[in-house]
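Participant: So here's my_file-v3.pdb (PDB, C-alpha atoms).
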MODEL        1
ATOM      1  CA  MET T  15       0.000   0.000   0.000
ATOM      2  CA  ASN T  16       1.299   3.420  -0.855
ATOM      3  CA  THR T  17       1.227   5.353   2.401
ATOM      4  CA  GLN T  18       2.406   8.557   0.804
ATOM      5  CA  SER T  19      -0.180  11.197   0.015
ATOM      6  CA  LYS T  20       0.256  13.127  -3.203
ATOM      7  CA  SER T  21       1.859  15.955  -1.253
ATOM      8  CA  TYR T  22       4.977  13.934  -0.454
ATOM      9  CA  GLU T  23       7.825  15.521  -2.384
ATOM     10  CA  SER T  24      10.707  13.116  -1.813
ATOM     11  CA  VAL T  25      11.376   9.679  -0.330
ATOM     12  CA  ASP T  26      13.394   8.377   2.581
ATOM     13  CA  PRO T  27      13.626   4.670   3.464
ATOM     14  CA  ALA T  28      13.964   5.446   7.178
ATOM     15  CA  VAL T  29      10.739   7.467   7.177
ATOM     16  CA  ASP T  30       8.961   4.707   5.225
ATOM     17  CA  GLU T  31      10.156   2.237   7.865
ATOM     18  CA  LEU T  32       8.377   4.258  10.545
ATOM     19  CA  GLY T  33       5.072   3.429   8.836
ATOM     20  CA  LEU T  34       3.501   6.817   9.446
ATOM     21  CA  ALA T  35      -0.056   7.462   8.339
ATOM     22  CA  PRO T  36      -0.320  10.066   5.580
ATOM     23  CA  VAL T  37      -1.327  13.611   6.516
ATOM     24  CA  THR T  38      -2.657  16.007   3.903
ATOM     25  CA  ASP T  39      -1.300  19.501   3.256
ATOM     26  CA  GLY T  40      -4.462  21.132   4.633
ATOM     27  CA  PRO T  41      -3.442  21.412   8.307
ATOM     28  CA  ALA T  42      -0.044  22.859   7.308
ATOM     29  CA  ALA T  43      -1.732  25.420   5.081
ATOM     30  CA  ALA T  44      -3.996  26.370   7.990
ATOM     31  CA  MET T  45      -1.033  26.798  10.354
ATOM     32  CA  LEU T  46       0.873  28.941   7.862
ATOM     33  CA  LEU T  47      -2.008  31.118   6.747
ATOM     34  CA  SER T  48      -3.250  31.717  10.287
ATOM     35  CA  ALA T  49       0.258  32.876  11.283
ATOM     36  CA  GLY T  50       0.077  35.338   8.401
ATOM     37  CA  ILE T  51      -3.420  36.472   9.374
ATOM     38  CA  GLY T  52      -2.455  36.982  13.035
ATOM     39  CA  SER T  53       0.633  38.956  11.977
ATOM     40  CA  VAL T  54      -1.154  41.236   9.541
ATOM     41  CA  VAL T  55      -4.078  41.840  11.922
ATOM     42  CA  LEU T  56      -1.579  43.082  14.516
ATOM     43  CA  GLY T  57      -0.237  45.462  11.889
ATOM     44  CA  ILE T  58      -3.718  46.618  10.875
ATOM     45  CA  MET T  59      -4.580  47.336  14.523
ATOM     46  CA  ILE T  60      -1.406  49.430  14.863
ATOM     47  CA  ILE T  61      -2.286  51.448  11.774
ATOM     48  CA  LEU T  62      -5.906  51.816  12.904
ATOM     49  CA  ALA T  63      -4.678  53.261  16.194
ATOM     50  CA  GLU T  64      -2.564  55.754  14.265
ATOM     51  CA  LEU T  65      -5.315  56.685  11.827
ATOM     52  CA  SER T  66      -8.055  57.305  14.338
ATOM     53  CA  PRO T  67      -8.018  58.580  17.924
ATOM     54  CA  ALA T  68     -11.399  56.845  18.399
ATOM     55  CA  ALA T  69      -9.902  53.508  17.334
ATOM     56  CA  ASN T  70      -6.968  54.130  19.667
ATOM     57  CA  THR T  71      -9.378  54.722  22.548
ATOM     58  CA  TRP T  72     -11.385  51.619  21.600
ATOM     59  CA  LEU T  73      -8.224  49.492  21.560
ATOM     60  CA  GLY T  74      -7.324  50.924  24.955
ATOM     61  CA  SER T  75     -10.686  49.774  26.341
ATOM     62  CA  PHE T  76      -9.339  46.182  26.306
ATOM     63  CA  ASP T  77      -6.695  47.106  28.879
ATOM     64  CA  PRO T  78      -7.445  44.985  31.970
ATOM     65  CA  LYS T  79      -6.810  48.111  34.110
ATOM     66  CA  LEU T  80      -3.086  47.390  34.282
ATOM     67  CA  GLY T  81      -1.919  50.464  32.394
ATOM     68  CA  VAL T  82      -1.130  48.680  29.150
ATOM     69  CA  GLY T  83      -3.145  51.135  27.044
ATOM     70  CA  PRO T  84      -4.050  50.511  23.365
ATOM     71  CA  LEU T  85      -1.417  47.776  23.079
ATOM     72  CA  ALA T  86      -3.842  45.521  24.979
ATOM     73  CA  GLY T  87      -6.455  45.756  22.214
ATOM     74  CA  LYS T  88      -3.941  45.436  19.406
ATOM     75  CA  VAL T  89      -2.456  42.198  20.703
ATOM     76  CA  LEU T  90      -5.798  40.811  21.820
ATOM     77  CA  TRP T  91      -7.331  41.094  18.343
ATOM     78  CA  SER T  92      -4.185  39.752  16.740
ATOM     79  CA  VAL T  93      -4.239  36.654  18.945
ATOM     80  CA  VAL T  94      -8.002  36.215  18.434
ATOM     81  CA  ALA T  95      -7.560  36.481  14.644
ATOM     82  CA  TYR T  96      -4.747  33.934  14.785
ATOM     83  CA  ALA T  97      -6.652  31.442  16.945
ATOM     84  CA  VAL T  98      -9.982  31.744  15.117
ATOM     85  CA  SER T  99      -8.420  31.500  11.651
ATOM     86  CA  LEU T 100      -6.301  28.529  12.752
ATOM     87  CA  VAL T 101      -9.293  26.591  14.083
ATOM     88  CA  ALA T 102     -11.540  27.516  11.140
ATOM     89  CA  LEU T 103      -9.006  26.782   8.400
ATOM     90  CA  TRP T 104      -7.816  23.587  10.074
ATOM     91  CA  GLY T 105     -11.393  22.379  10.236
ATOM     92  CA  LEU T 106     -12.001  23.361   6.628
ATOM     93  CA  TRP T 107      -8.844  21.811   5.188
ATOM     94  CA  ARG T 108      -8.370  18.947   7.652
ATOM     95  CA  ASN T 109      -8.449  16.136   5.083
ATOM     96  CA  LYS T 110      -7.650  18.104   1.955
ATOM     97  CA  ASP T 111      -4.552  18.571  -0.146
ATOM     98  CA  VAL T 112      -4.586  22.276  -0.964
ATOM     99  CA  ASN T 113      -2.308  24.450  -3.086
ATOM    100  CA  LEU T 114       0.382  24.713  -0.442
ATOM    101  CA  LYS T 115       2.775  26.660  -2.648
ATOM    102  CA  THR T 116       0.339  29.517  -3.235
ATOM    103  CA  ILE T 117      -0.930  29.519   0.350
ATOM    104  CA  SER T 118       2.580  29.601   1.770
ATOM    105  CA  ILE T 119       3.547  32.521  -0.470
ATOM    106  CA  VAL T 120       0.453  34.419   0.697
ATOM    107  CA  ALA T 121       1.262  33.546   4.308
ATOM    108  CA  TYR T 122       4.861  34.778   3.976
ATOM    109  CA  LEU T 123       3.634  38.006   2.383
ATOM    110  CA  LEU T 124       1.204  38.562   5.257
ATOM    111  CA  ILE T 125       3.938  37.858   7.809
ATOM    112  CA  GLY T 126       6.192  40.318   5.970
ATOM    113  CA  LEU T 127       3.450  42.929   6.061
ATOM    114  CA  GLY T 128       3.043  42.236   9.774
ATOM    115  CA  PHE T 129       6.718  43.056  10.296
ATOM    116  CA  LEU T 130       6.477  46.175   8.117
ATOM    117  CA  PHE T 131       3.361  47.480   9.885
ATOM    118  CA  THR T 132       5.064  47.218  13.299
ATOM    119  CA  PHE T 133       7.966  49.404  12.132
ATOM    120  CA  PRO T 134       7.440  52.898  13.595
ATOM    121  CA  PRO T 135       8.794  54.937  10.643
ATOM    122  CA  PHE T 136       6.175  53.155   8.519
ATOM    123  CA  PHE T 137       3.137  53.275  10.787
ATOM    124  CA  VAL T 138       3.624  56.932  11.764
ATOM    125  CA  LEU T 139       2.925  57.753   8.100
ATOM    126  CA  PHE T 140      -0.713  57.021   8.987
ATOM    127  CA  ALA T 141      -0.803  59.272  12.065
ATOM    128  CA  ALA T 142      -3.963  61.385  12.223
TER     129      ALA T 142
ATOM    130  CA  MET I   9      23.007  42.417  45.868
ATOM    131  CA  GLU I  10      19.567  43.889  46.495
ATOM    132  CA  MET I  11      16.992  43.993  43.701
ATOM    133  CA  SER I  12      13.525  45.522  43.712
ATOM    134  CA  ASP I  13      10.461  43.527  42.637
ATOM    135  CA  ARG I  14      10.406  45.502  39.400
ATOM    136  CA  GLU I  15      14.028  44.736  38.671
ATOM    137  CA  ILE I  16      13.426  41.040  39.361
ATOM    138  CA  TRP I  17      10.483  40.983  36.919
ATOM    139  CA  THR I  18      12.577  42.774  34.330
ATOM    140  CA  VAL I  19      15.271  40.124  34.721
ATOM    141  CA  ILE I  20      12.714  37.282  34.514
ATOM    142  CA  HIS I  21      11.169  38.825  31.394
ATOM    143  CA  GLY I  22      14.373  39.657  29.557
ATOM    144  CA  MET I  23      17.241  37.517  30.790
ATOM    145  CA  GLY I  24      15.424  34.474  32.174
ATOM    146  CA  LEU I  25      12.739  33.753  29.593
ATOM    147  CA  GLY I  26      14.702  35.425  26.815
ATOM    148  CA  ALA I  27      17.757  33.255  27.445
ATOM    149  CA  ILE I  28      15.681  30.046  27.452
ATOM    150  CA  TYR I  29      14.042  31.147  24.192
ATOM    151  CA  LEU I  30      17.448  31.688  22.575
ATOM    152  CA  LEU I  31      18.696  28.287  23.726
ATOM    153  CA  ALA I  32      15.544  26.590  22.481
ATOM    154  CA  PHE I  33      15.859  28.382  19.133
ATOM    155  CA  GLY I  34      19.421  27.112  18.700
ATOM    156  CA  GLY I  35      18.374  23.543  19.424
ATOM    157  CA  ALA I  36      15.298  23.712  17.198
ATOM    158  CA  LEU I  37      17.214  25.228  14.277
ATOM    159  CA  ALA I  38      20.055  22.707  14.524
ATOM    160  CA  GLY I  39      17.554  19.857  14.770
ATOM    161  CA  MET I  40      15.587  20.973  11.721
ATOM    162  CA  TRP I  41      18.596  21.788   9.557
ATOM    163  CA  SER I  42      19.653  18.178   8.996
ATOM    164  CA  PHE I  43      16.092  16.834   9.044
ATOM    165  CA  ARG I  44      16.235  15.787   5.395
ATOM    166  CA  PRO I  45      16.199  12.604   3.300
ATOM    167  CA  GLY I  46      19.136  10.244   3.725
ATOM    168  CA  PHE I  47      20.631  11.970   6.750
ATOM    169  CA  LEU I  48      19.114   9.966   9.609
ATOM    170  CA  THR I  49      18.471   6.353  10.569
ATOM    171  CA  VAL I  50      15.157   5.234  12.084
ATOM    172  CA  ALA I  51      16.655   5.332  15.594
ATOM    173  CA  ALA I  52      18.117   8.782  14.954
ATOM    174  CA  ILE I  53      14.760  10.076  13.681
ATOM    175  CA  ARG I  54      13.011   8.836  16.844
ATOM    176  CA  GLU I  55      15.646  10.428  19.060
ATOM    177  CA  ARG I  56      15.629  13.656  17.018
ATOM    178  CA  MET I  57      11.845  13.928  17.203
ATOM    179  CA  ARG I  58      11.924  13.957  20.999
ATOM    180  CA  ARG I  59      14.458  16.795  20.937
ATOM    181  CA  LEU I  60      12.473  18.699  18.330
ATOM    182  CA  TYR I  61       9.273  18.417  20.358
ATOM    183  CA  VAL I  62      11.050  19.689  23.474
ATOM    184  CA  GLY I  63      12.910  22.452  21.623
ATOM    185  CA  PHE I  64       9.906  23.804  19.741
ATOM    186  CA  ALA I  65       7.614  23.521  22.759
ATOM    187  CA  ALA I  66      10.155  25.351  24.951
ATOM    188  CA  MET I  67      10.498  28.062  22.335
ATOM    189  CA  CYS I  68       6.745  28.475  22.033
ATOM    190  CA  VAL I  69       6.057  28.532  25.781
ATOM    191  CA  THR I  70       8.885  30.958  26.529
ATOM    192  CA  ALA I  71       7.819  33.240  23.653
ATOM    193  CA  TRP I  72       4.306  33.484  25.082
ATOM    194  CA  ALA I  73       5.583  33.882  28.652
ATOM    195  CA  THR I  74       8.000  36.615  27.563
ATOM    196  CA  VAL I  75       5.425  38.744  25.750
ATOM    197  CA  ILE I  76       2.774  38.266  28.459
ATOM    198  CA  THR I  77       5.105  39.230  31.317
ATOM    199  CA  GLY I  78       6.538  42.034  29.222
ATOM    200  CA  THR I  79       3.205  43.518  28.182
ATOM    201  CA  TYR I  80       1.142  43.051  31.329
ATOM    202  CA  ILE I  81       3.756  43.344  34.096
ATOM    203  CA  VAL I  82       6.832  45.300  32.961
ATOM    204  CA  TYR I  83       5.421  47.582  30.249
ATOM    205  CA  PRO I  84       2.921  49.417  32.531
ATOM    206  CA  TRP I  85       5.850  50.428  34.787
ATOM    207  CA  TYR I  86       7.686  51.724  31.743
ATOM    208  CA  ARG I  87       4.851  53.772  30.241
ATOM    209  CA  VAL I  88       3.101  55.280  33.253
ATOM    210  CA  LYS I  89       2.846  59.066  32.915
ATOM    211  CA  LEU I  90       4.236  60.677  36.069
ATOM    212  CA  ALA I  91       6.308  63.670  35.065
ATOM    213  CA  GLY I  92       3.656  66.030  33.685
ATOM    214  CA  ASP I  93       2.874  67.163  30.157
ATOM    215  CA  ALA I  94       6.252  68.880  29.703
ATOM    216  CA  PHE I  95       8.124  66.181  31.665
ATOM    217  CA  GLU I  96       9.087  68.849  34.185
ATOM    218  CA  LYS I  97       9.752  66.256  36.921
ATOM    219  CA  CYS I  98      12.438  64.676  34.755
ATOM    220  CA  ALA I  99      14.503  67.883  34.554
ATOM    221  CA  ASN I 100      18.167  67.406  35.466
ATOM    222  CA  LEU I 101      17.755  63.692  36.140
ATOM    223  CA  GLY I 102      20.363  61.189  34.981
ATOM    224  CA  LEU I 103      18.006  58.219  35.324
ATOM    225  CA  PRO I 104      14.243  57.638  35.713
ATOM    226  CA  SER I 105      12.894  58.180  39.217
ATOM    227  CA  ALA I 106       9.719  57.668  41.260
ATOM    228  CA  GLU I 107       8.281  60.784  39.571
ATOM    229  CA  CYS I 108       9.719  60.241  36.100
ATOM    230  CA  SER I 109       8.969  56.910  34.445
ATOM    231  CA  PRO I 110      11.364  55.438  31.874
ATOM    232  CA  ARG I 111       9.036  56.607  29.080
ATOM    233  CA  ASP I 112       8.850  60.124  30.547
ATOM    234  CA  PHE I 113      12.599  60.126  30.973
ATOM    235  CA  LEU I 114      13.355  59.122  27.389
ATOM    236  CA  LEU I 115      10.859  61.586  25.906
ATOM    237  CA  SER I 116      12.135  64.434  28.110
ATOM    238  CA  ASN I 117      15.642  64.280  26.598
ATOM    239  CA  ALA I 118      16.818  65.174  30.127
ATOM    240  CA  SER I 119      20.137  63.395  29.708
ATOM    241  CA  GLY I 120      20.797  63.796  25.989
ATOM    242  CA  GLU I 121      19.027  62.807  22.804
ATOM    243  CA  THR I 122      17.008  59.905  24.203
ATOM    244  CA  GLU I 123      13.618  60.479  22.579
ATOM    245  CA  MET I 124      14.281  58.081  19.696
ATOM    246  CA  TRP I 125      14.811  55.225  22.128
ATOM    247  CA  HIS I 126      11.101  55.487  22.802
ATOM    248  CA  GLU I 127       9.833  56.651  19.413
ATOM    249  CA  LEU I 128      11.678  53.979  17.453
ATOM    250  CA  GLY I 129      12.976  51.402  19.945
ATOM    251  CA  MET I 130      10.118  50.950  22.365
ATOM    252  CA  GLU I 131       7.364  51.522  19.802
ATOM    253  CA  TRP I 132       8.848  48.812  17.579
ATOM    254  CA  LYS I 133       9.692  46.443  20.420
ATOM    255  CA  GLU I 134       6.285  46.484  22.089
ATOM    256  CA  HIS I 135       4.544  45.569  18.828
ATOM    257  CA  VAL I 136       6.931  43.312  16.927
ATOM    258  CA  ALA I 137       7.524  41.115  19.982
ATOM    259  CA  TRP I 138       4.008  39.683  19.629
ATOM    260  CA  LEU I 139       4.855  38.174  16.245
ATOM    261  CA  ALA I 140       7.339  35.829  17.958
ATOM    262  CA  PRO I 141       4.812  33.632  19.822
ATOM    263  CA  LEU I 142       2.342  33.535  16.917
ATOM    264  CA  LEU I 143       5.005  32.297  14.519
ATOM    265  CA  ALA I 144       6.542  29.935  17.095
ATOM    266  CA  THR I 145       3.117  28.392  17.755
ATOM    267  CA  SER I 146       2.541  27.599  14.088
ATOM    268  CA  ALA I 147       6.078  26.176  13.845
ATOM    269  CA  LEU I 148       5.430  23.960  16.866
ATOM    270  CA  LEU I 149       2.099  22.752  15.433
ATOM    271  CA  LEU I 150       3.767  21.857  12.136
ATOM    272  CA  VAL I 151       6.372  19.796  13.992
ATOM    273  CA  LEU I 152       3.759  18.132  16.204
ATOM    274  CA  VAL I 153       1.378  17.231  13.379
ATOM    275  CA  TYR I 154       3.852  16.267  10.662
ATOM    276  CA  GLY I 155       6.752  14.967  12.779
ATOM    277  CA  ALA I 156       9.135  12.774  10.784
ATOM    278  CA  ARG I 157       7.029  13.356   7.653
ATOM    279  CA  LEU I 158       8.798  16.713   7.397
ATOM    280  CA  ILE I 159      11.875  14.827   6.159
ATOM    281  CA  THR I 160      10.099  13.836   2.967
ATOM    282  CA  ARG I 161       8.248  17.120   2.561
ATOM    283  CA  PRO I 162      10.884  19.821   2.030
ATOM    284  CA  ARG I 163       8.284  22.532   1.431
ATOM    285  CA  LEU I 164       6.881  21.973   4.911
ATOM    286  CA  ARG I 165      10.334  21.650   6.409
ATOM    287  CA  ASN I 166      11.269  24.988   4.845
ATOM    288  CA  ALA I 167       8.046  26.486   6.181
ATOM    289  CA  VAL I 168       9.028  25.418   9.689
ATOM    290  CA  LEU I 169      12.461  26.980   9.229
ATOM    291  CA  ILE I 170      10.979  30.229   7.889
ATOM    292  CA  LEU I 171       8.540  30.497  10.812
ATOM    293  CA  LEU I 172      11.331  29.655  13.234
ATOM    294  CA  VAL I 173      13.706  32.293  11.857
ATOM    295  CA  ALA I 174      10.960  34.936  11.563
ATOM    296  CA  SER I 175       9.934  34.296  15.162
ATOM    297  CA  PHE I 176      13.556  34.613  16.202
ATOM    298  CA  ALA I 177      13.979  37.843  14.217
ATOM    299  CA  ALA I 178      10.984  39.383  15.999
ATOM    300  CA  ALA I 179      12.393  38.283  19.349
ATOM    301  CA  VAL I 180      15.854  39.655  18.537
ATOM    302  CA  ILE I 181      14.477  43.082  17.590
ATOM    303  CA  ALA I 182      12.411  43.180  20.770
ATOM    304  CA  GLY I 183      15.145  41.768  22.964
ATOM    305  CA  ALA I 184      17.910  44.014  21.656
ATOM    306  CA  PHE I 185      15.862  47.188  22.057
ATOM    307  CA  GLY I 186      14.713  45.989  25.472
ATOM    308  CA  ALA I 187      18.299  45.573  26.618
ATOM    309  CA  PHE I 188      19.394  48.957  25.251
ATOM    310  CA  ILE I 189      16.393  50.816  26.636
ATOM    311  CA  ASN I 190      16.812  49.214  30.039
ATOM    312  CA  LYS I 191      20.410  50.421  29.978
ATOM    313  CA  VAL I 192      19.474  54.030  29.125
ATOM    314  CA  ALA I 193      16.292  54.195  31.218
ATOM    315  CA  PRO I 194      16.084  51.290  33.650
ATOM    316  CA  ILE I 195      12.882  50.301  35.391
ATOM    317  CA  GLN I 196      13.520  50.738  39.095
TER     318      GLN I 196
ENDMDL
END
Since I need it in another form, could you write the structure as structure tokens?
Facilitator:
Amino acid sequence: MNTQSKSYESVDPAVDELGLAPVTDGPAAAMLLSAGIGSVVLGIMIILAELSPAANTWLGSFDPKLGVGPLAGKVLWSVVAYAVSLVALWGLWRNKDVNLKTISIVAYLLIGLGFLFTFPPFFVLFAA
Amino acid sequence: MEMSDREIWTVIHGMGLGAIYLLAFGGALAGMWSFRPGFLTVAAIRERMRRLYVGFAAMCVTAWATVITGTYIVYPWYRVKLAGDAFEKCANLGLPSAECSPRDFLLSNASGETEMWHELGMEWKEHVAWLAPLLATSALLLVLVYGARLITRPRLRNAVLILLVASFAAAVIAGAFGAFINKVAPIQ
């Protein structure tokens, strides 16, 4: 029986000897894309806070009265976006082989944008 | 040899958890690097998997612990506004005080051109640090779910490495600025 799913890209006798059950690309795509979504949502929250004093105040309302300020809302929504997208996409793609190449490129772009949006000289361009 | 509670938390956040994260990153990266076809026997794969699980899990847990302690314990001490709108209580100080928080102190330029440490360093650090645990979590999940299958799936193995290095990059930016800022304007 061929235990390799179509997404296997190379062979290794030692891995074959382990007799592992095949796993589709879907869960990996979910893990990658959700990392990208969480990263870019953090960046979007940062830019929102710069664009709008009202958004900044709203993000600050998630501070658990510790003095964290708007950072509390920014990171909360980023983590929520990451967790929700991970669970949803994993459920959706659990047993599917998806286009991992395209999804990983999108995920890396989103992660890159996440890094860019956290860079102060960039996000201050959006200051109200 | 005395340290205040705040100094102890700063050490736990930066040196304690940060050092464990760095060690775990080294182990995880070294483990993944040679995780490719033809490099390992069955026994070596089994042994390597245990180390990878421990390394990636340690990295993930310490990344979360570092950002949570940093954001919810240390950061409020840094950013509290004590010195007034014009930072008048920071005048002539060489270091932050009970009436001049580290943020106030840096923005006041009381001991030189320190404003950019906040405007660039702290603003970048406080945000980019949160990318580290997100990326480390996805890397850990990939290792947990795919395990030894990563050997025969180079695209996934590369994805793990990219997430690992990106998580590390975020942590390095945050950690380096944290160390410099705590040197210029320590939390006391």
Participant: Any idea what the distance is between atom CA of I:Leu164 and atom CA of I:Ala51?
Facilitator: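 So the two atoms, atom CA of I:Leu164 and atom CA of I:Ala51, lie 22.1 Å apart.
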Participant: Pick from I:Leu171, I:Leu90, I:Ala137, I:Val151: nearest to I:Glu107, with only C-alpha atoms counted?
Facilitator: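 Smallest distance to I:Glu107 is found for I:Leu90.
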Participant: Please report the interatomic distance between atom CA of T:Val29 and atom CA of I:Phe176 in Å with one decimal.
Facilitator: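 Separating atom CA of T:Val29 from atom CA of I:Phe176 is a distance of 28.7 Å.
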Participant: For chain I, which residues have at least one atom within 9 Å of chain T, if we go by all atoms listed in the file? Write them as a ChimeraX atom specification, please.
Facilitator: /I:44-46,48-51,53,79-81,83-85,87-88,127-129,131-136,138-139,142-143,145-147,149-150,153-154,156-157,159-164,167,170-171,174,178
Participant: Any chance you could export the current selection's C-alpha atoms as a PDB file, keeping the file's coordinate frame?
Facilitator:
ATOM      1  CA  ARG I  44      16.235  15.787   5.395  1.00  0.00           C
ATOM      2  CA  PRO I  45      16.199  12.604   3.300  1.00  0.00           C
ATOM      3  CA  GLY I  46      19.136  10.244   3.725  1.00  0.00           C
ATOM      4  CA  LEU I  48      19.114   9.966   9.609  1.00  0.00           C
ATOM      5  CA  THR I  49      18.471   6.353  10.569  1.00  0.00           C
ATOM      6  CA  VAL I  50      15.157   5.234  12.084  1.00  0.00           C
ATOM      7  CA  ALA I  51      16.655   5.332  15.594  1.00  0.00           C
ATOM      8  CA  ILE I  53      14.760  10.076  13.681  1.00  0.00           C
ATOM      9  CA  THR I  79       3.205  43.518  28.182  1.00  0.00           C
ATOM     10  CA  TYR I  80       1.142  43.051  31.329  1.00  0.00           C
ATOM     11  CA  ILE I  81       3.756  43.344  34.096  1.00  0.00           C
ATOM     12  CA  TYR I  83       5.421  47.582  30.249  1.00  0.00           C
ATOM     13  CA  PRO I  84       2.921  49.417  32.531  1.00  0.00           C
ATOM     14  CA  TRP I  85       5.850  50.428  34.787  1.00  0.00           C
ATOM     15  CA  ARG I  87       4.851  53.772  30.241  1.00  0.00           C
ATOM     16  CA  VAL I  88       3.101  55.280  33.253  1.00  0.00           C
ATOM     17  CA  GLU I 127       9.833  56.651  19.413  1.00  0.00           C
ATOM     18  CA  LEU I 128      11.678  53.979  17.453  1.00  0.00           C
ATOM     19  CA  GLY I 129      12.976  51.402  19.945  1.00  0.00           C
ATOM     20  CA  GLU I 131       7.364  51.522  19.802  1.00  0.00           C
ATOM     21  CA  TRP I 132       8.848  48.812  17.579  1.00  0.00           C
ATOM     22  CA  LYS I 133       9.692  46.443  20.420  1.00  0.00           C
ATOM     23  CA  GLU I 134       6.285  46.484  22.089  1.00  0.00           C
ATOM     24  CA  HIS I 135       4.544  45.569  18.828  1.00  0.00           C
ATOM     25  CA  VAL I 136       6.931  43.312  16.927  1.00  0.00           C
ATOM     26  CA  TRP I 138       4.008  39.683  19.629  1.00  0.00           C
ATOM     27  CA  LEU I 139       4.855  38.174  16.245  1.00  0.00           C
ATOM     28  CA  LEU I 142       2.342  33.535  16.917  1.00  0.00           C
ATOM     29  CA  LEU I 143       5.005  32.297  14.519  1.00  0.00           C
ATOM     30  CA  THR I 145       3.117  28.392  17.755  1.00  0.00           C
ATOM     31  CA  SER I 146       2.541  27.599  14.088  1.00  0.00           C
ATOM     32  CA  ALA I 147       6.078  26.176  13.845  1.00  0.00           C
ATOM     33  CA  LEU I 149       2.099  22.752  15.433  1.00  0.00           C
ATOM     34  CA  LEU I 150       3.767  21.857  12.136  1.00  0.00           C
ATOM     35  CA  VAL I 153       1.378  17.231  13.379  1.00  0.00           C
ATOM     36  CA  TYR I 154       3.852  16.267  10.662  1.00  0.00           C
ATOM     37  CA  ALA I 156       9.135  12.774  10.784  1.00  0.00           C
ATOM     38  CA  ARG I 157       7.029  13.356   7.653  1.00  0.00           C
ATOM     39  CA  ILE I 159      11.875  14.827   6.159  1.00  0.00           C
ATOM     40  CA  THR I 160      10.099  13.836   2.967  1.00  0.00           C
ATOM     41  CA  ARG I 161       8.248  17.120   2.561  1.00  0.00           C
ATOM     42  CA  PRO I 162      10.884  19.821   2.030  1.00  0.00           C
ATOM     43  CA  ARG I 163       8.284  22.532   1.431  1.00  0.00           C
ATOM     44  CA  LEU I 164       6.881  21.973   4.911  1.00  0.00           C
ATOM     45  CA  ALA I 167       8.046  26.486   6.181  1.00  0.00           C
ATOM     46  CA  ILE I 170      10.979  30.229   7.889  1.00  0.00           C
ATOM     47  CA  LEU I 171       8.540  30.497  10.812  1.00  0.00           C
ATOM     48  CA  ALA I 174      10.960  34.936  11.563  1.00  0.00           C
ATOM     49  CA  ALA I 178      10.984  39.383  15.999  1.00  0.00           C
TER      50      ALA I 178
END
Participant: Using the chain letters and residue numbers of this document, give as a ChimeraX atom specification the residues selected by the PyMOL selection byres ((chain I and resi 26) around 10).
Facilitator: /I:19-25,27-32,67,70-71,73-75,179-180,183
Participant: Given the choices I:Gly186, I:Gly155, I:Gly92, I:Pro194, which gets closest to I:Met40 if the distance is worked out from all atoms listed in the file?
Facilitator: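 Looking only at the distances to I:Met40, the closest residue turns out to be I:Gly155.
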Participant: Separation of atom CA of I:Asn190 and atom CA of I:Pro110, in Å?
Facilitator: 8.5 Å
Participant: List the neighbours of T:Arg108 out to 7 Å using only C-alpha atoms; skip same-chain residues closer than 2 positions along the sequence, and give me the result as number ranges by chain.
Facilitator: T: 40-41, 104-106, 110
Participant: Give me the residues near I:Glu15 as a list in words, where near means some atom within 7 Å (using only C-alpha atoms) and where sequence neighbours in that chain fewer than 3 positions away do not count.
Facilitator: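 Residues near the query, excluding close chain neighbours: Met11, Ser12, Thr18, Val19, Ile195 and Gln196 of chain I.
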Participant: Using only C-alpha atoms, which of I:Asn100, I:Val82, I:Ala94, I:Ile76 sits nearest I:Ile16?
Facilitator: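 Of I:Asn100, I:Val82, I:Ala94, I:Ile76, the one nearest I:Ile16, counting only C-alpha atoms, is I:Val82.
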Participant: Would you please work out which residue, of I:Leu148, I:Leu103, I:Ala177, I:Ile189, is nearest to I:Ser119 when using only C-alpha atoms?
Facilitator: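 The closest residue to I:Ser119 is I:Leu103.
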